[in-house]
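As structure tokens, the structure follows; a few thoughts come after it.
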Amino acid sequence: MSLIREQDAVEIRQSLRDMPNPVRLIHFTQELNLEYGRETRELLTDLAALSDKLSLEVYDFVLDKEKVKEYGVDKVPATIVRNGKDYGIRFYGIPAGYEFSALLAAILDVSRGSSSLGEETKEKLHTLSVPVRLEVLVTPT
Amino acid sequence: MRLAHQFALESEQITADCVEATEFPDLATEYQVYAVPRTVLNGRHFIEGALPEQQFLDAVLQAITE
């Protein structure tokens with residue numbers, strides 16, 4: 001049984017039709033040791049099946065050390081949304097509820113390779129000269 | 001959440017993690033998360049709630065100059 005309801009799948013498939021370019025979901029897990037590890041992987045698998053421009057790669061947090069290092073993943077489950085470039089967009093934990101909407105928005109933004117931010121905001125962000133890590137703590141509801 | 005990810009998309013200096021607090025209780029405790037969303041900047045500055053674009057930008061810019 002899919003974790004995405006058929007009615008939702010129709011809507012998601014529709015919105016993913018707007019993707020101009022392919023997007024890769026890079027998922028790190030340690031399925032057996034995580035509370036929602038299996039569900040998270042299933043959710044991403046079901047989602048990736050809704051667009052041929054969306055692909056999913058799954059890595060093991062313990063065994064795939066080089067990939068863990070490459071992406072700087074420090075906890076699991078972790079999901080990176082990227083195209084040819086890694087923009088530093090990460091989801092930690094199951095992207096369900098509100099976060100599922102955030103995941104869809106991230107996929108569409110990454111597919112376009114640009115955001116809907118104002119020009120002034122973009123200009124200020126482009127002048128940043130120090131690394132900034134934003135961790136947004138959320139809950140699913 | 002989307003704002004933080006959009007900021008990451010626009011700036012090579014920014015990475016944005018969406019963290020499900022209940023799955024990472026140790027981190028939620030460390031960052032004293034009692035209400036969400038709570039944004040943590042470089043592990044030591046805090047932004048409360050979901051702010052509009054301009055205010056979120058100002059909060060980020062102010063935090064990195066402190």
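By order of appearance in the structure tokens: chains A, B, ..., then residues from 1 within every chain, and ligands from 1 in the order shown.
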
(message) Based on only C-alpha atoms, which of the residues in chain B come within 7 Å of chain A? I want them as a count of residues only.
(response) 28

(request) Would you please give, as a PyMOL selection string, all residues of range 1-132 of chain A that DSSP assigns to helix (DSSP H, G or I) based on the backbone? (result) chain A and resi 6-16+31-33+37-48+65-71+98-112+119-126

(request) Quick one: pull the distance between CA of Arg112 in chain A and CA of Leu16 in chain A, Å, one decimal. (result)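 Answer for the CA of Arg112 in chain A to CA of Leu16 in chain A separation: 11.5 Å.
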
(message) What's around Arg17 in chain A at 12 Å? Count only C-alpha atoms, leave out sequence neighbours fewer than 2 positions away in its own chain, and write the answer as a ChimeraX atom specification.
(response) /A:10-15,19-22,50-54,104,107-108,111

Would you put the residues from that selection into a file with N, CA, C and O atoms, as a PDB file, in the first residue's frame?
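Produced file again39.pdb, reproduced below:
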ATOM      1  N   VAL A  10      -2.599  12.049  -7.623  1.00  0.00           N
ATOM      2  CA  VAL A  10      -3.044  12.710  -8.863  1.00  0.00           C
ATOM      3  C   VAL A  10      -2.619  14.174  -8.847  1.00  0.00           C
ATOM      4  O   VAL A  10      -2.066  14.691  -9.828  1.00  0.00           O
ATOM      5  N   GLU A  11      -2.848  14.838  -7.703  1.00  0.00           N
ATOM      6  CA  GLU A  11      -2.493  16.261  -7.592  1.00  0.00           C
ATOM      7  C   GLU A  11      -0.990  16.477  -7.652  1.00  0.00           C
ATOM      8  O   GLU A  11      -0.506  17.415  -8.280  1.00  0.00           O
ATOM      9  N   ILE A  12      -0.255  15.596  -6.964  1.00  0.00           N
ATOM     10  CA  ILE A  12       1.211  15.738  -6.939  1.00  0.00           C
ATOM     11  C   ILE A  12       1.783  15.530  -8.351  1.00  0.00           C
ATOM     12  O   ILE A  12       2.626  16.294  -8.816  1.00  0.00           O
ATOM     13  N   ARG A  13       1.265  14.489  -9.030  1.00  0.00           N
ATOM     14  CA  ARG A  13       1.723  14.211 -10.396  1.00  0.00           C
ATOM     15  C   ARG A  13       1.506  15.447 -11.281  1.00  0.00           C
ATOM     16  O   ARG A  13       2.354  15.828 -12.071  1.00  0.00           O
ATOM     17  N   GLN A  14       0.354  16.068 -11.068  1.00  0.00           N
ATOM     18  CA  GLN A  14       0.005  17.262 -11.833  1.00  0.00           C
ATOM     19  C   GLN A  14       0.999  18.404 -11.566  1.00  0.00           C
ATOM     20  O   GLN A  14       1.520  19.027 -12.494  1.00  0.00           O
ATOM     21  N   SER A  15       1.297  18.671 -10.281  1.00  0.00           N
ATOM     22  CA  SER A  15       2.193  19.795  -9.979  1.00  0.00           C
ATOM     23  C   SER A  15       3.626  19.490 -10.416  1.00  0.00           C
ATOM     24  O   SER A  15       4.370  20.392 -10.800  1.00  0.00           O
ATOM     25  N   MET A  19       7.843  20.644 -13.621  1.00  0.00           N
ATOM     26  CA  MET A  19       9.306  20.582 -13.444  1.00  0.00           C
ATOM     27  C   MET A  19      10.015  20.746 -14.787  1.00  0.00           C
ATOM     28  O   MET A  19       9.862  19.892 -15.662  1.00  0.00           O
ATOM     29  N   PRO A  20      10.819  21.820 -14.942  1.00  0.00           N
ATOM     30  CA  PRO A  20      11.516  21.975 -16.209  1.00  0.00           C
ATOM     31  C   PRO A  20      12.735  21.056 -16.343  1.00  0.00           C
ATOM     32  O   PRO A  20      13.098  20.649 -17.446  1.00  0.00           O
ATOM     33  N   ASN A  21      13.358  20.744 -15.215  1.00  0.00           N
ATOM     34  CA  ASN A  21      14.594  19.946 -15.237  1.00  0.00           C
ATOM     35  C   ASN A  21      14.553  18.825 -14.203  1.00  0.00           C
ATOM     36  O   ASN A  21      13.830  18.921 -13.213  1.00  0.00           O
ATOM     37  N   PRO A  22      15.364  17.778 -14.404  1.00  0.00           N
ATOM     38  CA  PRO A  22      15.383  16.648 -13.464  1.00  0.00           C
ATOM     39  C   PRO A  22      15.884  17.049 -12.073  1.00  0.00           C
ATOM     40  O   PRO A  22      16.705  17.961 -11.941  1.00  0.00           O
ATOM     41  N   LEU A  50       6.186   9.330  -9.125  1.00  0.00           N
ATOM     42  CA  LEU A  50       5.140  10.193  -9.679  1.00  0.00           C
ATOM     43  C   LEU A  50       5.635  11.121 -10.788  1.00  0.00           C
ATOM     44  O   LEU A  50       4.843  11.836 -11.401  1.00  0.00           O
ATOM     45  N   SER A  51       6.949  11.139 -11.032  1.00  0.00           N
ATOM     46  CA  SER A  51       7.463  11.948 -12.140  1.00  0.00           C
ATOM     47  C   SER A  51       8.704  11.288 -12.724  1.00  0.00           C
ATOM     48  O   SER A  51       9.568  10.827 -11.970  1.00  0.00           O
ATOM     49  N   ASP A  52       8.799  11.254 -14.032  1.00  0.00           N
ATOM     50  CA  ASP A  52      10.020  10.661 -14.604  1.00  0.00           C
ATOM     51  C   ASP A  52      11.182  11.651 -14.561  1.00  0.00           C
ATOM     52  O   ASP A  52      12.303  11.316 -14.942  1.00  0.00           O
ATOM     53  N   LYS A  53      10.920  12.869 -14.077  1.00  0.00           N
ATOM     54  CA  LYS A  53      12.024  13.818 -13.882  1.00  0.00           C
ATOM     55  C   LYS A  53      12.583  13.754 -12.468  1.00  0.00           C
ATOM     56  O   LYS A  53      13.505  14.478 -12.113  1.00  0.00           O
ATOM     57  N   LEU A  54      12.003  12.878 -11.646  1.00  0.00           N
ATOM     58  CA  LEU A  54      12.423  12.764 -10.254  1.00  0.00           C
ATOM     59  C   LEU A  54      13.071  11.402 -10.032  1.00  0.00           C
ATOM     60  O   LEU A  54      12.495  10.371 -10.399  1.00  0.00           O
ATOM     61  N   LEU A 104       7.877  19.208  -1.617  1.00  0.00           N
ATOM     62  CA  LEU A 104       7.403  19.437  -2.987  1.00  0.00           C
ATOM     63  C   LEU A 104       7.850  20.810  -3.495  1.00  0.00           C
ATOM     64  O   LEU A 104       8.276  20.958  -4.644  1.00  0.00           O
ATOM     65  N   ILE A 107      11.489  20.683  -4.362  1.00  0.00           N
ATOM     66  CA  ILE A 107      11.712  19.954  -5.619  1.00  0.00           C
ATOM     67  C   ILE A 107      11.438  20.871  -6.812  1.00  0.00           C
ATOM     68  O   ILE A 107      12.236  20.943  -7.759  1.00  0.00           O
ATOM     69  N   LEU A 108      10.339  21.609  -6.748  1.00  0.00           N
ATOM     70  CA  LEU A 108       9.993  22.503  -7.862  1.00  0.00           C
ATOM     71  C   LEU A 108      11.008  23.645  -7.985  1.00  0.00           C
ATOM     72  O   LEU A 108      11.428  24.013  -9.089  1.00  0.00           O
ATOM     73  N   SER A 111      14.237  22.274  -9.363  1.00  0.00           N
ATOM     74  CA  SER A 111      14.072  21.952 -10.777  1.00  0.00           C
ATOM     75  C   SER A 111      14.226  23.203 -11.635  1.00  0.00           C
ATOM     76  O   SER A 111      14.845  23.184 -12.697  1.00  0.00           O
TER      77      SER A 111
END

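Proximity to Gly72 in chain A was assessed for A:Phe28, A:Glu119, A:Gln7, A:Leu47 counting only C-alpha atoms; the smallest distance is recorded for A:Phe28.
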
(request) Please report, as a ChimeraX atom specification, each residue of range 25-137 of chain A to which DSSP assigns strand (DSSP E) when run on this structure's backbone. (result) /A:25-29,54-60,78-82,89-92,132-137

(request) May I ask for the distance between CA of Lys67 in chain A and CA of Pro25 in chain B, given in Å to one decimal place? (result) 25.1 Å

(request) Please provide the set of residues having any atom within 10 Å of Pro52 in chain B, restricted to only C-alpha atoms, with same-chain residues fewer than 4 positions apart removed, written as an MDAnalysis selection string. (result) chainID B and resid 3 56:57

(message) Can you measure CA of Glu42 in chain A to CA of Val62 in chain A for me? One decimal in Å is fine.
(response)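 Rounded to one decimal, the two atoms are 19.6 Å apart.
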
(request) Pick out the residues sitting within 10 Å of Ser55 in chain A, and hand them over as an NGL selection string; count only C-alpha atoms, and ignore anything fewer than 6 positions along from it in its own chain. (result) :A and (22-26 or 44-45 or 47-49)

Now that the selection is made, can you save its residues with N, CA and C atoms as an mmCIF file, in the first residue's frame?
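Output (again-v8.cif):
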data_model
loop_
_atom_site.group_PDB
_atom_site.id
_atom_site.type_symbol
_atom_site.label_atom_id
_atom_site.label_comp_id
_atom_site.auth_asym_id
_atom_site.auth_seq_id
_atom_site.Cartn_x
_atom_site.Cartn_y
_atom_site.Cartn_z
ATOM 1 N N PRO A 22 15.364 17.778 -14.404
ATOM 2 C CA PRO A 22 15.383 16.648 -13.464
ATOM 3 C C PRO A 22 15.884 17.049 -12.073
ATOM 4 N N VAL A 23 15.390 16.365 -11.070
ATOM 5 C CA VAL A 23 15.814 16.570 -9.680
ATOM 6 C C VAL A 23 16.155 15.206 -9.080
ATOM 7 N N ARG A 24 17.231 15.209 -8.307
ATOM 8 C CA ARG A 24 17.644 13.977 -7.626
ATOM 9 C C ARG A 24 17.369 14.081 -6.133
ATOM 10 N N LEU A 25 16.750 13.057 -5.582
ATOM 11 C CA LEU A 25 16.596 12.957 -4.131
ATOM 12 C C LEU A 25 17.663 11.978 -3.651
ATOM 13 N N ILE A 26 18.557 12.457 -2.798
ATOM 14 C CA ILE A 26 19.613 11.598 -2.261
ATOM 15 C C ILE A 26 19.235 11.288 -0.818
ATOM 16 N N LEU A 44 9.464 8.359 -0.031
ATOM 17 C CA LEU A 44 10.300 8.930 -1.102
ATOM 18 C C LEU A 44 10.225 8.081 -2.369
ATOM 19 N N THR A 45 10.165 6.759 -2.186
ATOM 20 C CA THR A 45 10.045 5.855 -3.332
ATOM 21 C C THR A 45 8.736 6.106 -4.067
ATOM 22 N N LEU A 47 6.962 8.837 -3.982
ATOM 23 C CA LEU A 47 6.999 10.183 -4.571
ATOM 24 C C LEU A 47 7.791 10.187 -5.877
ATOM 25 N N ALA A 48 8.966 9.546 -5.852
ATOM 26 C CA ALA A 48 9.826 9.543 -7.046
ATOM 27 C C ALA A 48 9.131 8.877 -8.236
ATOM 28 N N ALA A 49 8.194 7.973 -7.919
ATOM 29 C CA ALA A 49 7.476 7.263 -8.989
ATOM 30 C C ALA A 49 6.447 8.152 -9.690
#

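Of the residues listed (A:His27, A:Arg38, A:Tyr71, A:Asn83), A:His27 shows the shortest atom-to-atom separation from Tyr59 in chain A; distances use only C-alpha atoms.
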